[in-house]
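What follows is the content of query-v4.cif (mmCIF, C-alpha atoms; chains and numbers go by the auth columns).
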```cif
data_run
#
loop_
_atom_site.group_PDB
_atom_site.id
_atom_site.type_symbol
_atom_site.label_atom_id
_atom_site.label_comp_id
_atom_site.label_asym_id
_atom_site.label_seq_id
_atom_site.Cartn_x
_atom_site.Cartn_y
_atom_site.Cartn_z
_atom_site.B_iso_or_equiv
_atom_site.auth_seq_id
_atom_site.auth_asym_id
ATOM 1 C CA MET A 1 -14.406 -12.693 8.989 0.00 8 A
ATOM 2 C CA THR A 2 -12.003 -11.251 11.542 0.00 9 A
ATOM 3 C CA ALA A 3 -8.601 -12.199 12.899 0.00 10 A
ATOM 4 C CA ARG A 4 -10.399 -14.053 15.674 0.00 11 A
ATOM 5 C CA THR A 5 -12.298 -16.254 13.220 0.00 12 A
ATOM 6 C CA LEU A 6 -9.211 -17.243 11.233 0.00 13 A
ATOM 7 C CA ASP A 7 -8.012 -20.717 12.041 0.00 14 A
ATOM 8 C CA GLU A 8 -4.582 -22.264 11.578 0.00 15 A
ATOM 9 C CA PHE A 9 -5.236 -23.241 7.952 0.00 16 A
ATOM 10 C CA ASP A 10 -6.477 -19.745 7.031 0.00 17 A
ATOM 11 C CA VAL A 11 -3.321 -18.250 8.545 0.00 18 A
ATOM 12 C CA ARG A 12 -1.166 -20.754 6.638 0.00 19 A
ATOM 13 C CA ILE A 13 -2.911 -19.804 3.398 0.00 20 A
ATOM 14 C CA LEU A 14 -2.347 -16.103 4.089 0.00 21 A
ATOM 15 C CA HIS A 15 1.334 -16.643 4.920 0.00 22 A
ATOM 16 C CA ALA A 16 1.856 -18.612 1.704 0.00 23 A
ATOM 17 C CA LEU A 17 0.040 -16.098 -0.500 0.00 24 A
ATOM 18 C CA GLN A 18 1.947 -13.157 0.990 0.00 25 A
ATOM 19 C CA ARG A 19 5.173 -14.907 0.014 0.00 26 A
ATOM 20 C CA ASP A 20 3.936 -15.801 -3.469 0.00 27 A
ATOM 21 C CA GLY A 21 0.558 -14.592 -4.731 0.00 28 A
ATOM 22 C CA ARG A 22 1.016 -16.627 -7.917 0.00 29 A
ATOM 23 C CA LEU A 23 0.635 -19.965 -6.151 0.00 30 A
ATOM 24 C CA GLY A 24 -1.852 -22.159 -7.947 0.00 31 A
ATOM 25 C CA ASN A 25 -4.475 -23.973 -5.922 0.00 32 A
ATOM 26 C CA GLN A 26 -2.658 -27.320 -6.075 0.00 33 A
ATOM 27 C CA GLN A 27 0.638 -25.803 -4.918 0.00 34 A
ATOM 28 C CA LEU A 28 -1.087 -23.836 -2.173 0.00 35 A
ATOM 29 C CA ALA A 29 -2.972 -26.911 -0.976 0.00 36 A
ATOM 30 C CA GLU A 30 0.249 -28.914 -0.762 0.00 37 A
ATOM 31 C CA GLU A 31 1.995 -26.132 1.149 0.00 38 A
ATOM 32 C CA VAL A 32 -0.756 -25.729 3.757 0.00 39 A
ATOM 33 C CA HIS A 33 -1.591 -29.452 3.981 0.00 40 A
ATOM 34 C CA LEU A 34 -5.191 -29.317 2.786 0.00 41 A
ATOM 35 C CA SER A 35 -7.019 -30.946 -0.075 0.00 42 A
ATOM 36 C CA PRO A 36 -7.239 -28.747 -3.167 0.00 43 A
ATOM 37 C CA SER A 37 -11.016 -28.415 -2.806 0.00 44 A
ATOM 38 C CA GLN A 38 -10.796 -27.352 0.860 0.00 45 A
ATOM 39 C CA CYS A 39 -8.000 -24.937 0.027 0.00 46 A
ATOM 40 C CA SER A 40 -9.991 -23.421 -2.834 0.00 47 A
ATOM 41 C CA ARG A 41 -13.068 -22.929 -0.649 0.00 48 A
ATOM 42 C CA ARG A 42 -11.017 -21.258 2.080 0.00 49 A
ATOM 43 C CA ARG A 43 -9.176 -19.019 -0.371 0.00 50 A
ATOM 44 C CA THR A 44 -12.477 -17.942 -1.941 0.00 51 A
ATOM 45 C CA ALA A 45 -13.945 -17.231 1.506 0.00 52 A
ATOM 46 C CA LEU A 46 -10.892 -15.108 2.409 0.00 53 A
ATOM 47 C CA GLU A 47 -11.280 -13.173 -0.863 0.00 54 A
ATOM 48 C CA GLU A 48 -15.045 -12.683 -0.425 0.00 55 A
ATOM 49 C CA ALA A 49 -14.545 -11.496 3.165 0.00 56 A
ATOM 50 C CA GLY A 50 -12.066 -8.894 1.925 0.00 57 A
ATOM 51 C CA VAL A 51 -9.167 -10.367 3.896 0.00 58 A
ATOM 52 C CA ILE A 52 -7.401 -10.887 0.558 0.00 59 A
ATOM 53 C CA ARG A 53 -7.974 -7.632 -1.298 0.00 60 A
ATOM 54 C CA ARG A 54 -6.093 -8.289 -4.541 0.00 61 A
ATOM 55 C CA TYR A 55 -3.170 -9.996 -6.239 0.00 62 A
ATOM 56 C CA ARG A 56 -0.429 -8.019 -7.924 0.00 63 A
ATOM 57 C CA ALA A 57 3.171 -8.071 -9.093 0.00 64 A
ATOM 58 C CA GLU A 58 5.765 -6.109 -7.130 0.00 65 A
ATOM 59 C CA LEU A 59 7.829 -4.064 -9.572 0.00 66 A
ATOM 60 C CA ASP A 60 11.336 -2.713 -9.012 0.00 67 A
ATOM 61 C CA PRO A 61 11.111 1.091 -9.377 0.00 68 A
ATOM 62 C CA GLU A 62 14.845 1.575 -10.013 0.00 69 A
ATOM 63 C CA ARG A 63 14.873 -0.915 -12.906 0.00 70 A
ATOM 64 C CA LEU A 64 12.009 1.106 -14.361 0.00 71 A
ATOM 65 C CA GLY A 65 13.933 4.369 -14.083 0.00 72 A
ATOM 66 C CA MET A 66 12.161 5.639 -10.977 0.00 73 A
ATOM 67 C CA THR A 67 15.173 6.465 -8.819 0.00 74 A
ATOM 68 C CA VAL A 68 13.799 8.990 -6.313 0.00 75 A
ATOM 69 C CA THR A 69 11.450 8.148 -3.471 0.00 76 A
ATOM 70 C CA ALA A 70 10.274 10.970 -1.263 0.00 77 A
ATOM 71 C CA LEU A 71 7.932 11.498 1.641 0.00 78 A
ATOM 72 C CA VAL A 72 5.922 14.651 1.150 0.00 79 A
ATOM 73 C CA GLN A 73 4.074 16.310 4.010 0.00 80 A
ATOM 74 C CA VAL A 74 1.087 18.429 2.998 0.00 81 A
ATOM 75 C CA THR A 75 -0.796 20.964 5.096 0.00 82 A
ATOM 76 C CA LEU A 76 -4.167 22.035 3.743 0.00 83 A
ATOM 77 C CA ALA A 77 -5.174 25.652 3.319 0.00 84 A
ATOM 78 C CA THR A 78 -8.384 25.150 5.292 0.00 85 A
ATOM 79 C CA HIS A 79 -9.998 22.243 7.074 0.00 86 A
ATOM 80 C CA SER A 80 -13.309 22.077 5.314 0.00 87 A
ATOM 81 C CA PRO A 81 -14.954 19.014 3.786 0.00 88 A
ATOM 82 C CA ASP A 82 -14.625 20.556 0.302 0.00 89 A
ATOM 83 C CA THR A 83 -10.882 21.177 0.695 0.00 90 A
ATOM 84 C CA SER A 84 -10.289 17.630 1.867 0.00 91 A
ATOM 85 C CA THR A 85 -12.393 16.209 -0.967 0.00 92 A
ATOM 86 C CA GLU A 86 -10.516 18.272 -3.562 0.00 93 A
ATOM 87 C CA PHE A 87 -7.143 17.221 -2.202 0.00 94 A
ATOM 88 C CA ARG A 88 -8.102 13.551 -2.064 0.00 95 A
ATOM 89 C CA ALA A 89 -9.269 13.748 -5.689 0.00 96 A
ATOM 90 C CA LEU A 90 -5.944 15.357 -6.683 0.00 97 A
ATOM 91 C CA VAL A 91 -3.992 12.579 -4.945 0.00 98 A
ATOM 92 C CA GLY A 92 -6.075 9.940 -6.727 0.00 99 A
ATOM 93 C CA ARG A 93 -5.143 11.368 -10.141 0.00 100 A
ATOM 94 C CA ILE A 94 -1.356 11.397 -9.660 0.00 101 A
ATOM 95 C CA ALA A 95 0.353 8.081 -10.460 0.00 102 A
ATOM 96 C CA ALA A 96 3.623 9.168 -8.823 0.00 103 A
ATOM 97 C CA ILE A 97 1.861 9.229 -5.449 0.00 104 A
ATOM 98 C CA GLN A 98 2.152 5.624 -4.346 0.00 105 A
ATOM 99 C CA LYS A 99 0.637 5.919 -0.891 0.00 106 A
ATOM 100 C CA ALA A 100 -1.138 8.678 0.974 0.00 107 A
ATOM 101 C CA TRP A 101 -2.054 8.882 4.619 0.00 108 A
ATOM 102 C CA SER A 102 -4.191 11.340 6.551 0.00 109 A
ATOM 103 C CA VAL A 103 -2.242 11.894 9.780 0.00 110 A
ATOM 104 C CA THR A 104 -2.393 13.632 13.120 0.00 111 A
ATOM 105 C CA GLY A 105 -0.091 16.460 14.163 0.00 112 A
ATOM 106 C CA ASP A 106 1.107 19.570 12.343 0.00 113 A
ATOM 107 C CA THR A 107 0.733 17.958 8.907 0.00 114 A
ATOM 108 C CA ASP A 108 -2.560 16.873 7.382 0.00 115 A
ATOM 109 C CA TYR A 109 -1.269 14.296 4.881 0.00 116 A
ATOM 110 C CA VAL A 110 1.904 12.333 4.210 0.00 117 A
ATOM 111 C CA LEU A 111 2.484 11.112 0.661 0.00 118 A
ATOM 112 C CA GLN A 112 4.932 8.498 -0.559 0.00 119 A
ATOM 113 C CA VAL A 113 6.090 9.589 -3.997 0.00 120 A
ATOM 114 C CA ILE A 114 8.195 7.743 -6.587 0.00 121 A
ATOM 115 C CA VAL A 115 9.604 9.732 -9.511 0.00 122 A
ATOM 116 C CA ALA A 116 12.376 9.367 -12.072 0.00 123 A
ATOM 117 C CA ASP A 117 14.632 12.096 -10.714 0.00 124 A
ATOM 118 C CA LEU A 118 14.842 15.275 -8.632 0.00 125 A
ATOM 119 C CA ARG A 119 13.434 17.315 -11.519 0.00 126 A
ATOM 120 C CA GLY A 120 10.364 15.089 -11.446 0.00 127 A
ATOM 121 C CA LEU A 121 9.959 15.670 -7.709 0.00 128 A
ATOM 122 C CA SER A 122 10.388 19.411 -8.190 0.00 129 A
ATOM 123 C CA THR A 123 7.757 19.441 -10.928 0.00 130 A
ATOM 124 C CA LEU A 124 5.305 17.476 -8.826 0.00 131 A
ATOM 125 C CA ILE A 125 5.720 19.798 -5.848 0.00 132 A
ATOM 126 C CA SER A 126 6.049 23.135 -7.670 0.00 133 A
ATOM 127 C CA ASP A 127 3.672 22.625 -10.587 0.00 134 A
ATOM 128 C CA VAL A 128 1.040 20.278 -9.169 0.00 135 A
ATOM 129 C CA LEU A 129 0.817 20.298 -5.374 0.00 136 A
ATOM 130 C CA LEU A 130 1.679 23.871 -4.366 0.00 137 A
ATOM 131 C CA PRO A 131 -0.530 25.621 -6.957 0.00 138 A
ATOM 132 C CA HIS A 132 -3.566 23.537 -5.962 0.00 139 A
ATOM 133 C CA ARG A 133 -6.038 25.679 -4.045 0.00 140 A
ATOM 134 C CA SER A 134 -6.443 23.104 -1.263 0.00 141 A
ATOM 135 C CA VAL A 135 -2.717 23.123 -0.408 0.00 142 A
ATOM 136 C CA ALA A 136 -1.111 25.666 1.953 0.00 143 A
ATOM 137 C CA HIS A 137 2.282 24.119 2.663 0.00 144 A
ATOM 138 C CA VAL A 138 4.445 21.253 1.390 0.00 145 A
ATOM 139 C CA LYS A 139 7.580 19.803 2.975 0.00 146 A
ATOM 140 C CA SER A 140 9.511 16.931 1.408 0.00 147 A
ATOM 141 C CA SER A 141 12.153 14.457 2.531 0.00 148 A
ATOM 142 C CA ILE A 142 14.077 12.353 0.035 0.00 149 A
ATOM 143 C CA VAL A 143 14.629 8.724 0.949 0.00 150 A
ATOM 144 C CA LEU A 144 18.370 8.033 1.012 0.00 151 A
ATOM 145 C CA ASP A 145 18.236 4.308 1.690 0.00 152 A
ATOM 146 C CA THR A 146 15.485 1.764 2.262 0.00 153 A
ATOM 147 C CA LEU A 147 16.143 -0.216 5.411 0.00 154 A
ATOM 148 C CA LYS A 148 13.018 -2.336 5.169 0.00 155 A
ATOM 149 C CA SER A 149 10.320 -2.582 2.559 0.00 156 A
ATOM 150 C CA ASP A 150 8.499 -5.716 3.639 0.00 157 A
ATOM 151 C CA ALA A 151 4.853 -5.131 2.915 0.00 158 A
ATOM 152 C CA ASP A 152 3.669 -8.370 4.533 0.00 159 A
ATOM 153 C CA ILE A 153 1.035 -8.051 7.224 0.00 160 A
ATOM 154 C CA PRO A 154 2.395 -9.512 10.489 0.00 161 A
ATOM 155 C CA LEU A 155 0.304 -12.646 10.944 0.00 162 A
ATOM 156 C CA PRO A 156 0.359 -15.006 13.914 0.00 163 A
ATOM 157 C CA ASP A 157 2.496 -18.100 13.604 0.00 164 A
ATOM 158 C CA PRO A 158 0.374 -20.898 12.121 0.00 165 A
ATOM 159 C CA GLY A 159 -0.744 -23.246 14.849 0.00 166 A
ATOM 160 C CA ARG A 160 -0.428 -20.699 17.657 0.00 167 A
ATOM 161 C CA GLY A 161 -3.874 -19.125 17.082 0.00 168 A
#
```

In structure tokens, what does this structure look like?
Amino acid sequence: MTARTLDEFDVRILHALQRDGRLGNQQLAEEVHLSPSQCSRRRTALEEAGVIRRYRAELDPERLGMTVTALVQVTLATHSPDTSTEFRALVGRIAAIQKAWSVTGDTDYVLQVIVADLRGLSTLISDVLLPHRSVAHVKSSIVLDTLKSDADIPLPDPGRG
């Protein structure tokens, strides 16, 4: 299933679930103007095709005491398959790393990190990232203000294909 095979009802379902992933089948069916059985079949097909990857709650980091968000740029020591594999494994083990991207340019990876405070960021950088044998250089930027945090995928307007 690709964007080209999604019809108006699939797009409506995706819009509705991005707004509220807790919608029950009856509520979703009413919102997208389908019968519950048709809606259920379509939702299942979207899940099986991997278009819908998972459902989850969005938590507020500040209310949980995680007040510092930082973007951390990492340059690897060498560009070998082993170094990359080791670094990726390290990233996978650290809960404070929320997102990680392999990027082009002077930096090899950009990490989005959420920690309780500046001490937590310092510990992560100084005691975990920098000592790791795959890492040559780390540069961090602290997020001062979030201008936009909408994680919704930009979908076409329903009905416009």

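Taken over the whole file, the PyMOL selection byres ((chain A and resi 40) around 12) covers exactly Glu15, Phe16, Asp17, Arg19, Ile20, Ala23, Asn32, Gln33, Gln34, Leu35, Ala36, Glu37, Glu38, Val39, Leu41, Ser42, Pro43, Ser44, Gln45, Cys46 and Pro165 of chain A.
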
Box for segment 33-42 of chain A: with edges along x, y and z, all listed atoms inside and 3 Å added on each side, what are the centre and edge lengths in Å to one decimal, as JSON?
```
{"center_x": -2.5, "center_y": -27.4, "center_z": -1.0, "size_x": 15.0, "size_y": 13.1, "size_z": 16.1}
```

### Task
Convert the output of the PyMOL selection byres ((chain A and resi 148-154) around 10) on the shown file into explicit residues, formatted as an MDAnalysis selection string.
chainID A and resid 75:80 119:121 125 128 146:147 155:157

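Excluding Ile59 of chain A itself and any same-chain residue fewer than 5 positions from it, the protein and nucleic acid residues within 12 Å of it, counting all atoms listed in the file, are Met8, Thr9, Asp17, Val18, Ile20, Leu21, His22, Leu24, Gln25, Gly28, Arg49, Arg50, Thr51, Ala52, Leu53, Glu54 and Ile160 of chain A.
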
### Message
Between atom CA of Gly57 of chain A and atom CA of Lys106 of chain A, what distance in Å does the model show, to one decimal?
### Response
19.7 Å

### Query
Counting only C-alpha atoms, what is within 8 Å of Ser141 of chain A, bar same-chain residues fewer than 3 positions away, as a VMD selection string?
chain A and resid 83 to 85 90 to 91 93 to 94

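Using all atoms listed in the file for every distance, the candidate list A:Leu13, A:Ser47, A:Val122, A:Val81 yields A:Val122 as the residue closest to Ile101 of chain A.
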
### Message
Could you list, as a PyMOL selection string, every residue matched by the PyMOL selection byres ((chain A and resi 144) around 6) in this structure?
### Response
chain A and resi 81-82+142-143+145
